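Visitor: Just dropping this structure here.
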Amino acid sequence: MLFDEQMTVGDIVLRHPETARVFERHRIDFCCGGQVRLAQACERAGLDGAAILEALEIAAKEIGAPRHDVSKLPTASLIATIIHQHHDYLREAMPRIQAQMAKVASVHGEHNPKLRSLEPAVSELCETLAKHLDAEERVLFPALLAGGPALVIARELASMVEDHLAVGAALRNIRALADDFVVPEWGCTTYRLLFSGLAEMEADIHLHVHLENNVLLPRFAKAS
Ligand SMILES: [Fe+2]
Ligand SMILES: [Fe+2]
């Protein structure tokens, strides 16, 4: 067995990133809630720990070749990976999703009034994320790479964790307003693209926050 119920969910994803999709499927938070032990996470979600362990083992063993272990990357490469895989993705995805959202809310808002609440929720999330990415790239990451000042690192890490919690709450609200991203049978193509885009963005943000909270932050939290 690769895992046991006493391991934290963040550690499980760190060791085998493929397990993230098992946690996504069962709505177990492995990014902001990464320090929670698997047993406790399953109990909170009303899930059978043994069944989840089995699903995790299967997911991890599906890997063909040994995985590139991101937790061993030097900090400069880890930060570059975060920017190129996750920040760049968000900067491309957010305007597209917002444009689709505006169209779907105006065309179908009468048929599904939840879309009218979804639109400002998505805009607010995108605004928060845009500021958050800029703060990481302009202040936090350069300070981490330069090794200081310690006060700036401590302040910016605290603010990063706080932002991540707010983003997590916004994503849960968006998922609820979007009915778990299930498109009604009358939904048009833009509606489908919007919901699949929102689901993809949610999964990407979970991995992104996992890298920042569970890989990057522990390298500096003790020193700051
Ligand atoms: Fe980030
Ligand atoms: Fe972040």
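In the structure tokens, chains take letters A, B, ... by order of appearance, with residues numbered from 1 within each chain and ligands from 1 in the order shown.
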Hey, could you make a per-residue contact list for chain A against ligand 1 with 8 Å as the cut-off, showing the nearest pair of atoms and its distance in Å to one decimal, counting only C-alpha atoms and all ligand atoms, sorted by chain and number, as JSON lines?
Guide:
```
{"residue": "A:Ile82", "atom": "CA", "partner": "ligand 1", "partner_atom_place_in_ligand_line": "1 (Fe)", "distance": 6.2}
{"residue": "A:Ile83", "atom": "CA", "partner": "ligand 1", "partner_atom_place_in_ligand_line": "1 (Fe)", "distance": 6.8}
{"residue": "A:His86", "atom": "CA", "partner": "ligand 1", "partner_atom_place_in_ligand_line": "1 (Fe)", "distance": 6.8}
{"residue": "A:His87", "atom": "CA", "partner": "ligand 1", "partner_atom_place_in_ligand_line": "1 (Fe)", "distance": 6.0}
{"residue": "A:His132", "atom": "CA", "partner": "ligand 1", "partner_atom_place_in_ligand_line": "1 (Fe)", "distance": 7.2}
{"residue": "A:Leu133", "atom": "CA", "partner": "ligand 1", "partner_atom_place_in_ligand_line": "1 (Fe)", "distance": 5.5}
{"residue": "A:Glu136", "atom": "CA", "partner": "ligand 1", "partner_atom_place_in_ligand_line": "1 (Fe)", "distance": 6.3}
{"residue": "A:His208", "atom": "CA", "partner": "ligand 1", "partner_atom_place_in_ligand_line": "1 (Fe)", "distance": 6.2}
{"residue": "A:Val209", "atom": "CA", "partner": "ligand 1", "partner_atom_place_in_ligand_line": "1 (Fe)", "distance": 6.7}
{"residue": "A:Glu212", "atom": "CA", "partner": "ligand 1", "partner_atom_place_in_ligand_line": "1 (Fe)", "distance": 6.6}
```
Visitor: Next, the residues of the selection above should be written as an mmCIF file, in the first residue's frame with C-alpha atoms.
Guide:
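Saved to selection35.cif:
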```cif
data_model
loop_
_atom_site.group_PDB
_atom_site.id
_atom_site.type_symbol
_atom_site.label_atom_id
_atom_site.label_comp_id
_atom_site.auth_asym_id
_atom_site.auth_seq_id
_atom_site.Cartn_x
_atom_site.Cartn_y
_atom_site.Cartn_z
ATOM 1 C CA ILE A 82 3.850 27.927 -11.140
ATOM 2 C CA ILE A 83 4.003 30.994 -13.395
ATOM 3 C CA HIS A 86 -0.807 28.156 -13.746
ATOM 4 C CA HIS A 87 -0.528 31.964 -13.914
ATOM 5 C CA HIS A 132 -3.281 37.877 -6.510
ATOM 6 C CA LEU A 133 -1.143 36.737 -9.466
ATOM 7 C CA GLU A 136 2.912 36.966 -6.205
ATOM 8 C CA HIS A 208 -1.890 25.712 -8.293
ATOM 9 C CA VAL A 209 -2.778 26.456 -4.656
ATOM 10 C CA GLU A 212 2.025 27.212 -3.379
#
```
Visitor: Set the distance at 12 Å and use only C-alpha atoms: which residues neighbour A:Tyr89 once local chain neighbours fewer than 2 positions away are removed? I'd like the list as a list in words.
Guide: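 Counting only C-alpha atoms, the residues come to Thr81, Ile82, Ile83, His84, Gln85, His86, His87, Arg91, Glu92, Ala93, Met94, Pro95, Arg96, Ile97, Leu129, Ala130, Leu133, Gly197, Glu200, Met201, Glu202, Ala203, Asp204, Ile205 and His208 of chain A.
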Visitor: Using only C-alpha atoms and all ligand atoms, which protein or nucleic acid residues are at most 12 Å from ligand 2, as a ChimeraX atom specification?
Guide: /A:31-32,79,82-83,86-87,90,128-137,140-141,156-168,204-217
Visitor: Using only C-alpha atoms, determine which residues lie at most 12 Å from stretch 35-39 of chain A, disregarding the query and same-chain residues fewer than 2 positions distant; provide the list as a compact mmCIF listing (two decimals) with N, CA, C and O atoms, in the first residue's frame.
Guide:
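Generated output (selection.txt):
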```
# COMPACT_ATOMS: atom_id res chain seq x y z
N PHE A 3 -0.35 4.35 0.50
CA PHE A 3 -0.90 5.38 1.40
C PHE A 3 -1.58 4.75 2.61
O PHE A 3 -1.96 3.58 2.58
N ASP A 4 -1.73 5.56 3.66
CA ASP A 4 -2.60 5.13 4.76
C ASP A 4 -3.40 6.34 5.23
O ASP A 4 -3.11 7.48 4.85
N GLU A 5 -4.39 6.08 6.07
CA GLU A 5 -5.34 7.14 6.43
C GLU A 5 -4.76 8.20 7.34
O GLU A 5 -5.38 9.22 7.59
N GLN A 6 -3.56 7.93 7.86
CA GLN A 6 -2.93 8.93 8.74
C GLN A 6 -2.13 9.96 7.94
O GLN A 6 -1.67 10.96 8.48
N MET A 7 -1.92 9.70 6.66
CA MET A 7 -1.19 10.68 5.83
C MET A 7 -2.09 11.89 5.57
O MET A 7 -3.31 11.76 5.52
N THR A 8 -1.46 13.05 5.38
CA THR A 8 -2.28 14.22 5.05
C THR A 8 -2.61 14.17 3.56
O THR A 8 -1.85 13.62 2.76
N VAL A 9 -3.74 14.79 3.21
CA VAL A 9 -4.14 14.76 1.79
C VAL A 9 -3.13 15.51 0.92
O VAL A 9 -2.86 15.11 -0.21
N GLY A 10 -2.55 16.59 1.48
CA GLY A 10 -1.54 17.35 0.72
C GLY A 10 -0.33 16.48 0.40
O GLY A 10 0.21 16.52 -0.71
N ASP A 11 0.10 15.67 1.37
CA ASP A 11 1.25 14.78 1.19
C ASP A 11 0.98 13.71 0.14
O ASP A 11 1.86 13.37 -0.65
N ILE A 12 -0.24 13.21 0.16
CA ILE A 12 -0.61 12.17 -0.82
C ILE A 12 -0.50 12.73 -2.24
O ILE A 12 0.09 12.11 -3.12
N VAL A 13 -1.01 13.97 -2.44
CA VAL A 13 -0.95 14.57 -3.78
C VAL A 13 0.50 14.92 -4.15
O VAL A 13 0.91 14.79 -5.30
N LEU A 14 1.28 15.32 -3.13
CA LEU A 14 2.69 15.62 -3.39
C LEU A 14 3.42 14.40 -3.91
O LEU A 14 4.19 14.47 -4.85
N PHE A 23 -9.37 13.14 -5.37
CA PHE A 23 -9.84 14.14 -4.40
C PHE A 23 -10.83 15.11 -5.06
O PHE A 23 -11.82 15.51 -4.45
N ILE A 28 -12.75 16.56 -1.98
CA ILE A 28 -11.88 16.67 -0.80
C ILE A 28 -10.84 17.73 -1.11
O ILE A 28 -10.15 17.66 -2.14
N ASP A 29 -10.75 18.72 -0.22
CA ASP A 29 -9.84 19.85 -0.45
C ASP A 29 -8.40 19.44 -0.12
O ASP A 29 -8.07 19.21 1.04
N PHE A 30 -7.54 19.37 -1.16
CA PHE A 30 -6.14 18.97 -0.92
C PHE A 30 -5.20 20.18 -1.00
O PHE A 30 -4.01 20.04 -0.84
N CYS A 31 -5.74 21.39 -1.28
CA CYS A 31 -4.84 22.55 -1.39
C CYS A 31 -4.84 23.36 -0.11
O CYS A 31 -3.93 23.23 0.71
N CYS A 32 -5.89 24.18 0.13
CA CYS A 32 -5.93 24.95 1.39
C CYS A 32 -6.11 24.00 2.58
O CYS A 32 -5.67 24.29 3.68
N GLY A 33 -6.75 22.86 2.37
CA GLY A 33 -6.98 21.90 3.45
C GLY A 33 -5.99 20.75 3.40
O GLY A 33 -6.26 19.65 3.89
N ALA A 41 -10.43 13.85 6.69
CA ALA A 41 -11.04 14.44 5.49
C ALA A 41 -12.22 13.57 5.03
O ALA A 41 -13.27 14.09 4.64
N CYS A 42 -12.05 12.24 5.09
CA CYS A 42 -13.12 11.33 4.67
C CYS A 42 -14.29 11.43 5.64
O CYS A 42 -15.45 11.46 5.21
N GLU A 43 -13.97 11.49 6.90
CA GLU A 43 -15.03 11.57 7.91
C GLU A 43 -15.85 12.84 7.71
O GLU A 43 -17.07 12.80 7.69
N ARG A 44 -15.15 13.97 7.52
CA ARG A 44 -15.85 15.24 7.30
C ARG A 44 -16.77 15.19 6.08
O ARG A 44 -17.82 15.80 6.05
N ALA A 45 -16.29 14.49 5.03
CA ALA A 45 -17.07 14.46 3.78
C ALA A 45 -18.08 13.32 3.77
O ALA A 45 -18.77 13.13 2.77
N GLY A 46 -18.13 12.55 4.86
CA GLY A 46 -19.06 11.41 4.93
C GLY A 46 -18.69 10.31 3.94
O GLY A 46 -19.56 9.66 3.37
N LEU A 47 -17.36 10.11 3.73
CA LEU A 47 -16.92 9.11 2.76
C LEU A 47 -16.27 7.92 3.46
O LEU A 47 -15.73 8.05 4.55
N ASP A 48 -16.31 6.77 2.80
CA ASP A 48 -15.70 5.56 3.32
C ASP A 48 -14.19 5.62 3.06
O ASP A 48 -13.74 5.55 1.91
N GLY A 49 -13.41 5.74 4.14
CA GLY A 49 -11.96 5.89 4.02
C GLY A 49 -11.32 4.75 3.25
O GLY A 49 -10.41 4.96 2.44
N ALA A 50 -11.79 3.51 3.49
CA ALA A 50 -11.17 2.35 2.83
C ALA A 50 -11.40 2.42 1.31
O ALA A 50 -10.48 2.14 0.53
N ALA A 51 -12.59 2.86 0.91
CA ALA A 51 -12.89 2.95 -0.53
C ALA A 51 -12.04 4.05 -1.17
O ALA A 51 -11.54 3.91 -2.29
N ILE A 52 -11.87 5.16 -0.45
CA ILE A 52 -11.05 6.26 -0.99
C ILE A 52 -9.59 5.82 -1.11
O ILE A 52 -8.93 6.07 -2.12
N LEU A 53 -9.11 5.10 -0.08
CA LEU A 53 -7.73 4.60 -0.13
C LEU A 53 -7.53 3.70 -1.36
O LEU A 53 -6.52 3.81 -2.05
N LEU A 56 -7.33 5.78 -4.43
CA LEU A 56 -6.04 6.48 -4.49
C LEU A 56 -4.93 5.53 -4.98
O LEU A 56 -4.10 5.90 -5.81
N HIS A 210 -2.22 24.12 -4.30
CA HIS A 210 -1.50 23.01 -3.66
C HIS A 210 0.01 23.23 -3.78
O HIS A 210 0.75 23.09 -2.80
N ASN A 213 0.82 26.34 -1.44
CA ASN A 213 0.62 26.13 0.01
C ASN A 213 1.43 24.96 0.56
O ASN A 213 1.92 25.03 1.68
N ASN A 214 1.52 23.88 -0.23
CA ASN A 214 2.07 22.64 0.33
C ASN A 214 3.49 22.33 -0.13
O ASN A 214 4.13 21.46 0.44
N VAL A 215 3.98 23.03 -1.18
CA VAL A 215 5.35 22.79 -1.62
C VAL A 215 6.20 24.06 -1.37
O VAL A 215 7.23 24.00 -0.72
N PRO A 218 6.11 25.77 2.75
CA PRO A 218 6.88 25.14 3.84
C PRO A 218 8.38 25.41 3.74
O PRO A 218 9.09 25.35 4.74
```
Visitor: Taking 2 positions as the minimum chain separation for residues in the same chain, which residues sit within 12 Å of A:Cys188 when counting only C-alpha atoms? Answer as a ChimeraX atom specification.
Guide: /A:100,103-105,107-108,183-186,190-195
Visitor: Could the residues in this selection be saved with N, CA, C and O atoms as a compact mmCIF listing (two decimals), in the first residue's frame?
Guide:
```txt
# COMPACT_ATOMS: atom_id res chain seq x y z
N GLN A 100 -17.72 34.47 -22.14
CA GLN A 100 -18.76 33.43 -22.28
C GLN A 100 -19.83 33.62 -21.21
O GLN A 100 -21.03 33.47 -21.47
N LYS A 103 -22.26 36.39 -22.06
CA LYS A 103 -23.18 35.99 -23.12
C LYS A 103 -24.26 35.04 -22.57
O LYS A 103 -25.45 35.24 -22.80
N VAL A 104 -23.83 34.04 -21.80
CA VAL A 104 -24.78 33.04 -21.28
C VAL A 104 -25.76 33.70 -20.30
O VAL A 104 -26.96 33.41 -20.34
N ALA A 105 -25.26 34.62 -19.45
CA ALA A 105 -26.16 35.27 -18.48
C ALA A 105 -27.18 36.13 -19.21
O ALA A 105 -28.36 36.16 -18.84
N VAL A 107 -28.29 35.77 -22.37
CA VAL A 107 -29.20 35.00 -23.22
C VAL A 107 -30.09 34.06 -22.39
O VAL A 107 -31.27 33.88 -22.69
N HIS A 108 -29.52 33.46 -21.33
CA HIS A 108 -30.26 32.41 -20.61
C HIS A 108 -30.63 32.79 -19.17
O HIS A 108 -31.15 31.94 -18.43
N VAL A 183 -24.76 20.94 -17.24
CA VAL A 183 -25.46 21.80 -18.21
C VAL A 183 -26.88 21.24 -18.44
O VAL A 183 -27.03 20.05 -18.69
N PRO A 184 -27.91 22.09 -18.35
CA PRO A 184 -29.26 21.59 -18.64
C PRO A 184 -29.37 21.18 -20.11
O PRO A 184 -28.57 21.63 -20.94
N GLU A 185 -30.32 20.32 -20.41
CA GLU A 185 -30.35 19.79 -21.79
C GLU A 185 -30.63 20.89 -22.81
O GLU A 185 -30.28 20.75 -23.98
N TRP A 186 -31.23 22.02 -22.36
CA TRP A 186 -31.49 23.11 -23.31
C TRP A 186 -30.28 24.05 -23.46
O TRP A 186 -30.32 25.00 -24.23
N THR A 190 -22.25 27.67 -26.03
CA THR A 190 -21.48 28.58 -25.17
C THR A 190 -21.67 28.21 -23.69
O THR A 190 -20.74 28.28 -22.90
N TYR A 191 -22.90 27.81 -23.35
CA TYR A 191 -23.21 27.37 -21.98
C TYR A 191 -22.29 26.18 -21.63
O TYR A 191 -21.68 26.12 -20.57
N ARG A 192 -22.18 25.23 -22.56
CA ARG A 192 -21.33 24.05 -22.33
C ARG A 192 -19.87 24.43 -22.20
O ARG A 192 -19.17 23.96 -21.31
N LEU A 193 -19.43 25.32 -23.10
CA LEU A 193 -18.02 25.74 -23.05
C LEU A 193 -17.74 26.47 -21.74
O LEU A 193 -16.69 26.28 -21.12
N LEU A 194 -18.70 27.29 -21.32
CA LEU A 194 -18.53 28.03 -20.06
C LEU A 194 -18.38 27.07 -18.88
O LEU A 194 -17.45 27.19 -18.08
N PHE A 195 -19.29 26.11 -18.78
CA PHE A 195 -19.26 25.21 -17.62
C PHE A 195 -18.04 24.29 -17.65
O PHE A 195 -17.45 24.01 -16.61
```
Visitor: For a test of reading the model, state the distance in Å between atom CA of A:Glu124 and atom CA of A:Asn173, rounded to one decimal.
Guide: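 Interatomic distance here is 11.5 Å.
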Visitor: Can you pull out every residue from stretch 44-83 of chain A that DSSP, working from the backbone, puts in helix (DSSP H, G or I), and format the result as a ChimeraX atom specification?
Guide: /A:44-45,49-61,70-72,75-83
Visitor: Can you pull out every residue within 12 Å of A:Ala143, counting only C-alpha atoms, but drop anything in the same chain fewer than 4 positions away, and send it as a ChimeraX atom specification?
Guide: /A:75-76,79,135-139,147-157,220,224
Visitor: Restricting the calculation to only C-alpha atoms, which member of A:Val122, A:Met1, A:Ala169, A:Ile58 is positioned closest to A:Leu198?
Guide: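 With only C-alpha atoms as the atom set, the closest residue is A:Val122.
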Visitor: Atom CA of A:Phe181 and atom CA of A:Gly109, how far apart in Å?
Guide: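 These two atoms are separated by 15.6 Å.
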